[in-house]
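Everything below belongs to input12.txt, which stores compact mmCIF, C-alpha atoms.
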```txt
# COMPACT_ATOMS: atom_id res chain seq x y z
CA MET F 1 -14.93 16.76 14.46
CA ALA F 2 -13.30 16.15 11.07
CA VAL F 3 -14.96 14.12 8.30
CA TYR F 4 -12.83 12.07 5.91
CA ASN F 5 -14.16 10.56 2.70
CA LEU F 6 -12.02 7.60 1.62
CA TYR F 7 -13.00 5.98 -1.68
CA PHE F 8 -11.64 3.49 -4.21
CA SER F 9 -13.43 4.29 -7.45
CA PRO F 10 -12.00 2.97 -10.74
CA THR F 11 -14.89 4.13 -12.96
CA GLY F 12 -16.44 6.94 -10.89
CA GLY F 13 -19.60 5.29 -9.54
CA THR F 14 -18.24 4.65 -6.06
CA GLU F 15 -16.94 8.22 -5.84
CA LYS F 16 -20.39 9.59 -6.70
CA VAL F 17 -22.02 7.55 -3.94
CA ALA F 18 -19.30 8.45 -1.43
CA ASN F 19 -19.63 12.18 -2.13
CA ILE F 20 -23.40 12.08 -1.66
CA VAL F 21 -23.08 10.43 1.75
CA ALA F 22 -20.17 12.67 2.79
CA GLY F 23 -22.13 15.77 1.78
CA GLY F 24 -25.08 14.53 3.82
CA LEU F 25 -22.87 14.20 6.88
CA SER F 26 -21.07 17.53 6.64
CA GLU F 27 -20.64 20.57 4.40
CA CYS F 28 -16.91 20.29 5.00
CA TYR F 29 -15.07 17.04 4.45
CA GLU F 30 -11.71 15.90 3.09
CA ASN F 31 -11.56 13.55 0.13
CA ILE F 32 -8.95 10.77 0.19
CA ASN F 33 -8.67 8.99 -3.15
CA LEU F 34 -7.57 5.43 -2.41
CA PHE F 35 -7.22 4.78 -6.14
CA SER F 36 -4.33 7.25 -6.44
CA LYS F 37 -0.93 5.64 -6.87
CA THR F 38 0.63 8.40 -4.76
CA GLN F 39 -1.69 8.00 -1.78
CA VAL F 40 0.13 7.90 1.57
CA GLY F 41 -1.10 6.65 4.93
CA ARG F 42 -2.90 8.64 7.61
CA TYR F 43 -3.87 8.28 11.24
CA PHE F 44 -7.43 9.13 12.32
CA LYS F 45 -8.39 10.29 15.81
CA LYS F 46 -11.21 9.02 17.99
CA ASP F 47 -13.47 12.02 17.32
CA ASP F 48 -13.02 11.81 13.54
CA ILE F 49 -15.72 10.46 11.24
CA CYS F 50 -14.52 8.32 8.33
CA ILE F 51 -16.44 7.09 5.30
CA ILE F 52 -14.84 4.16 3.49
CA SER F 53 -16.30 3.26 0.09
CA VAL F 54 -15.25 0.49 -2.29
CA PRO F 55 -16.88 -1.29 -5.24
CA ALA F 56 -17.95 -4.93 -5.09
CA PHE F 57 -15.80 -6.98 -7.48
CA GLY F 58 -17.37 -10.41 -7.76
CA GLY F 59 -18.83 -9.87 -4.31
CA ARG F 60 -15.46 -9.08 -2.71
CA ILE F 61 -13.22 -6.06 -2.09
CA PRO F 62 -10.68 -5.49 -4.88
CA GLU F 63 -7.30 -6.67 -3.55
CA ASN F 64 -5.69 -3.36 -4.47
CA ALA F 65 -8.26 -1.53 -2.35
CA ILE F 66 -7.33 -3.65 0.67
CA GLU F 67 -3.65 -2.82 0.13
CA LYS F 68 -4.49 0.90 0.08
CA LEU F 69 -6.67 0.68 3.19
CA LYS F 70 -3.83 -0.94 5.10
CA LEU F 71 -1.90 2.33 4.80
CA PHE F 72 -4.33 3.83 7.34
CA LYS F 73 -4.76 3.41 11.08
CA ALA F 74 -7.42 4.72 13.44
CA ASP F 75 -8.07 5.18 17.15
CA LYS F 76 -11.67 3.92 17.17
CA SER F 77 -12.68 6.59 14.64
CA ARG F 78 -16.42 6.40 13.94
CA THR F 79 -16.71 4.85 10.51
CA ILE F 80 -19.34 4.31 7.82
CA LEU F 81 -18.66 1.53 5.32
CA ILE F 82 -20.17 1.70 1.82
CA ALA F 83 -20.15 -1.22 -0.62
CA VAL F 84 -21.12 -0.05 -4.11
CA PHE F 85 -22.40 -2.61 -6.60
CA GLY F 86 -23.48 -2.65 -10.23
CA ASN F 87 -27.11 -3.66 -9.65
CA ARG F 88 -26.24 -7.32 -8.96
CA ALA F 89 -25.29 -7.94 -5.31
CA ILE F 90 -22.60 -7.09 -2.74
CA ASP F 91 -22.33 -10.72 -1.54
CA ASP F 92 -19.49 -10.65 1.04
CA THR F 93 -18.05 -7.20 0.24
CA LEU F 94 -19.43 -5.39 3.28
CA ILE F 95 -18.51 -8.07 5.82
CA GLU F 96 -14.99 -8.20 4.38
CA MET F 97 -14.79 -4.39 4.61
CA TYR F 98 -15.90 -4.64 8.23
CA ASP F 99 -13.18 -7.14 9.09
CA VAL F 100 -10.48 -5.06 7.40
CA ALA F 101 -11.68 -1.83 9.05
CA ILE F 102 -11.80 -3.35 12.53
CA SER F 103 -8.29 -4.76 12.10
CA LEU F 104 -7.05 -1.21 11.35
CA GLY F 105 -8.64 0.34 14.43
CA PHE F 106 -11.82 1.81 12.94
CA GLU F 107 -15.08 1.67 14.92
CA VAL F 108 -17.83 0.79 12.43
CA VAL F 109 -21.11 2.50 13.31
CA ALA F 110 -22.99 1.94 10.03
CA GLY F 111 -22.90 0.12 6.73
CA ILE F 112 -24.48 0.94 3.38
CA GLU F 113 -24.91 -1.00 0.17
CA ALA F 114 -25.52 1.33 -2.76
CA VAL F 115 -26.21 0.89 -6.45
CA ALA F 116 -24.16 2.42 -9.27
CA GLU F 117 -23.69 1.60 -12.94
CA HIS F 118 -22.13 -1.79 -13.58
CA SER F 119 -18.51 -1.22 -14.62
CA LEU F 120 -18.52 -3.91 -17.33
CA VAL F 121 -22.09 -3.76 -18.62
CA ARG F 122 -23.31 -0.19 -18.28
CA VAL F 123 -26.92 -0.98 -19.14
CA TYR F 124 -27.27 -2.48 -15.67
CA GLY F 125 -27.73 0.26 -13.10
CA ALA F 126 -27.56 2.85 -15.88
CA GLY F 127 -27.64 6.40 -14.57
CA ARG F 128 -27.32 5.39 -10.94
CA PRO F 129 -26.93 6.87 -8.48
CA ASN F 130 -29.88 8.92 -9.74
CA GLU F 131 -31.89 11.67 -8.02
CA GLN F 132 -33.96 9.15 -6.06
CA ASP F 133 -30.77 7.43 -4.90
CA LYS F 134 -29.33 10.81 -3.89
CA LYS F 135 -32.31 11.59 -1.67
CA GLU F 136 -32.20 8.14 -0.13
CA LEU F 137 -28.46 8.25 0.56
CA GLU F 138 -28.75 11.74 2.06
CA ASN F 139 -31.50 10.38 4.33
CA PHE F 140 -29.19 7.52 5.32
CA ALA F 141 -26.56 10.13 6.26
CA LYS F 142 -29.07 11.94 8.49
CA GLN F 143 -29.93 8.71 10.28
CA ILE F 144 -26.25 7.97 10.80
CA LEU F 145 -25.65 11.47 12.19
CA LEU F 146 -28.47 10.98 14.69
CA LYS F 147 -26.79 7.80 15.86
CA ILE F 148 -23.37 9.46 16.11
CA ASP F 149 -24.78 12.48 17.96
CA GLY F 150 -26.47 10.18 20.46
CA GLN F 151 -24.58 7.30 21.96
CA PRO F 152 -22.82 5.75 18.97
CA SER F 153 -22.34 2.02 19.14
CA SER F 154 -20.96 -0.53 16.75
CA VAL F 155 -23.20 -1.48 13.85
CA SER F 156 -25.63 -4.20 14.94
CA PHE F 157 -25.60 -6.22 11.70
CA ILE F 158 -23.49 -6.48 8.56
CA PRO F 159 -24.58 -8.83 5.74
CA GLY F 160 -22.24 -11.44 4.32
CA ASN F 161 -20.55 -14.71 5.10
CA ARG F 162 -17.28 -15.93 6.54
CA PRO F 163 -15.37 -17.48 4.92
CA TYR F 164 -15.88 -15.08 2.04
CA LYS F 165 -16.93 -16.33 -1.37
CA ASP F 166 -14.16 -17.32 -3.75
CA PHE F 167 -13.31 -14.77 -6.41
CA LYS F 168 -10.30 -14.50 -8.67
CA ALA F 169 -9.85 -11.28 -10.63
CA PHE F 170 -9.06 -11.69 -14.30
CA ALA F 171 -7.80 -9.47 -17.11
CA MET F 172 -10.30 -8.34 -19.74
CA SER F 173 -9.27 -8.68 -23.38
CA LEU F 174 -9.88 -5.05 -24.32
CA LYS F 175 -9.87 -3.75 -27.86
CA ILE F 176 -7.67 -0.72 -28.63
CA ASP F 177 -8.74 0.87 -31.89
CA GLU F 178 -7.08 3.30 -34.31
CA THR F 179 -8.28 6.39 -32.43
CA CYS F 180 -5.59 5.75 -29.78
CA VAL F 181 -3.10 8.66 -29.85
CA ASN F 182 -0.60 7.05 -27.44
CA CYS F 183 -1.18 9.74 -24.80
CA LYS F 184 -0.29 7.09 -22.18
CA LYS F 185 -2.92 8.29 -19.69
CA CYS F 186 -4.12 4.69 -19.30
CA ALA F 187 -0.60 3.57 -18.39
CA VAL F 188 0.04 6.50 -16.06
CA ASP F 189 -3.24 5.99 -14.18
CA CYS F 190 -3.28 2.19 -13.98
CA PRO F 191 -3.18 1.40 -10.24
CA VAL F 192 -1.25 -1.84 -10.71
CA ASN F 193 1.02 -0.77 -13.61
CA ALA F 194 -0.50 -3.41 -15.88
CA ILE F 195 -0.19 -1.23 -19.01
CA PRO F 196 3.43 -0.75 -20.22
CA MET F 197 4.44 2.84 -20.93
CA GLY F 198 6.29 1.61 -24.01
CA ASN F 199 3.29 -0.17 -25.52
CA VAL F 200 -0.12 0.89 -24.25
CA LYS F 201 -1.84 -1.57 -26.57
CA THR F 202 -0.72 -4.50 -24.42
CA VAL F 203 -1.73 -5.49 -20.90
CA ASP F 204 0.03 -7.58 -18.26
CA SER F 205 -2.69 -10.15 -17.55
CA GLU F 206 -0.99 -11.19 -14.31
CA LYS F 207 -1.46 -7.69 -12.88
CA CYS F 208 -4.71 -6.49 -14.47
CA PHE F 209 -7.86 -6.98 -12.36
CA SER F 210 -10.33 -5.50 -14.88
CA CYS F 211 -11.13 -2.37 -12.92
CA MET F 212 -11.97 -0.65 -16.26
CA HIS F 213 -10.31 2.60 -15.20
CA CYS F 214 -8.27 2.70 -18.40
CA VAL F 215 -11.49 2.57 -20.41
CA THR F 216 -13.02 5.37 -18.35
CA VAL F 217 -10.07 7.79 -18.58
CA CYS F 218 -9.18 7.30 -22.26
CA PRO F 219 -9.77 10.75 -23.85
CA LYS F 220 -10.40 9.21 -27.27
CA LYS F 221 -12.55 6.30 -26.05
CA ALA F 222 -10.11 4.04 -27.87
CA ARG F 223 -10.21 1.27 -25.24
CA HIS F 224 -13.31 -0.88 -24.94
CA ASN F 225 -14.68 -4.38 -24.83
CA SER F 226 -15.63 -5.96 -28.12
CA PRO F 227 -19.39 -6.02 -28.82
CA GLU F 228 -19.24 -9.81 -28.56
CA VAL F 229 -17.72 -9.74 -25.06
CA THR F 230 -20.15 -7.07 -23.90
CA SER F 231 -23.09 -9.09 -25.23
CA MET F 232 -21.81 -12.23 -23.51
CA PHE F 233 -21.59 -10.50 -20.12
CA GLU F 234 -24.97 -8.84 -20.62
CA LYS F 235 -26.62 -12.22 -21.21
CA ARG F 236 -24.73 -13.88 -18.37
CA LEU F 237 -25.77 -11.19 -15.87
CA TYR F 238 -29.31 -10.66 -17.15
CA GLU F 239 -31.24 -12.62 -14.53
CA ARG F 240 -29.25 -11.14 -11.62
CA CYS F 241 -29.11 -7.56 -12.86
CA ILE F 242 -32.24 -6.77 -14.87
CA ASP F 243 -34.40 -5.75 -11.89
CA ALA F 244 -33.54 -2.45 -10.21
CA LYS F 245 -31.92 -3.14 -6.84
CA SER F 246 -32.30 -1.05 -3.68
CA ASN F 247 -29.87 0.82 -1.48
CA LYS F 248 -29.74 -0.49 2.09
CA LEU F 249 -28.65 0.96 5.43
CA TYR F 250 -27.36 -1.05 8.38
CA LEU F 251 -27.21 0.59 11.81
```
Full structure transcribed into structure tokens:
Amino acid sequence: MAVYNLYFSPTGGTEKVANIVAGGLSECYENINLFSKTQVGRYFKKDDICIISVPAFGGRIPENAIEKLKLFKADKSRTILIAVFGNRAIDDTLIEMYDVAISLGFEVVAGIEAVAEHSLVRVYGAGRPNEQDKKELENFAKQILLKIDGQPSSVSFIPGNRPYKDFKAFAMSLKIDETCVNCKKCAVDCPVNAIPMGNVKTVDSEKCFSCMHCVTVCPKKARHNSPEVTSMFEKRLYERCIDAKSNKLYL
């Protein structure tokens, strides 16, 4: 039995959650970074266990994550889906993940919704996943293993609606300050090539989907939202994000 940990994690929160669950399933597992621009497809066997983790973007799967997932095929591999959200809601992310996974040949035995820091407004979900989350997610992994070791069946319920909610990704108007040293790491790492190598202070708004990876990887912290934009989003999300949300397991 091989365990594969597939994750799409622009700012690191989804990767943290995925690694906790993977570690709870097995001491030995292979990471597959779906965010990598050089990622190639794989085929998974029936006795493999796959974990697929993506962040909720406006309650949907990021389109680029779907494109990466379509590189993979499976022969009814037992699969755990994880939708990671910034303390607001997953909306239709998990049901959309389920539909994509089934279409690629995965057999979904469990689903998880897990909290991480919000990628745009870090005060929401700050520090999560924390130690309490870690214990809870590890317990989820144990419950999933018990199901897999018994007579694994398809997950009985996945939250969400069909048709999925409407969501259109948009480009953030980031500020690039004088600390930028033109190292081009933002351009090299951008999954959709929205930052030109020749001018890293511009962004192709038709390509950018505000994943915030460029902000996360900038070694000089030169890329960021303006205080005004951050304050606007904080106020807009306050009612939905101020209360600490819970992780949930679906078997």
Practice prompt. Tell me, as a list in words, which residues lie within 10 Å of F:Arg162, counting all atoms listed in the file; anything in the same chain fewer than 3 positions away does not count.
Written response: Asp92, Ile95, Glu96 and Lys165 of chain F
Fill in: Residues within 12 Å of (-10.0, -4.7, 7.6), file coords, all atoms listed in the file, listed as a PyMOL selection string
chain F and resi 52+61+63+65-74+81+93-108
Where does stretch 55-109 of chain F meet stretch 220-240 of chain F within 9 Å, residue by residue, with the nearest atom pair and distance in Å to one decimal for each, counting only C-alpha atoms, listed by chain and rising number, as a Markdown table?
```
| residue | atom | partner | partner_atom | distance |
| --- | --- | --- | --- | --- |
| F:Asn87 | CA | F:Arg240 | CA | 8.0 |
| F:Arg88 | CA | F:Arg240 | CA | 5.5 |
| F:Ala89 | CA | F:Arg240 | CA | 8.1 |
```
Practice prompt. Could you tell me which of F:Asn31, F:Ser36, F:Asn64, F:Ser153 comes closest to F:Lys207 if we count all atoms listed in the file?
Written response: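 Nearest to F:Lys207: F:Asn64.
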Worksheet item: If we count all atoms listed in the file, what is near stretch 208-218 of chain F at a cut-off of 9 Å, once residues fewer than 2 positions away on the same chain are taken out, given as a ChimeraX atom specification?
Response: /F:9-12,57,62-64,119-120,168-172,174,180,183-187,189-195,203-206,220-225
Practice prompt. Could you check how far atom CA of F:Asp91 sits from atom CA of F:Ala116, in Å to one decimal?
Written response: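 Between atom CA of F:Asp91 and atom CA of F:Ala116 the gap is 15.4 Å.
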Discussion item. For a quick check of understanding, using only C-alpha atoms, which of F:Leu146, F:Gly59, F:Leu6, F:Ser156 has the smallest distance to F:Gly41?
Written reply: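 For F:Gly41, the nearest of the given residues is F:Leu6.
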Discussion item. Show me the residues around (-23.9, 14.2, 17.4) - criterion: an atom at most 12 Å away, all atoms listed in the file counted - as a PyMOL selection string.
Written reply: chain F and resi 1+25-26+47-49+78+142-152
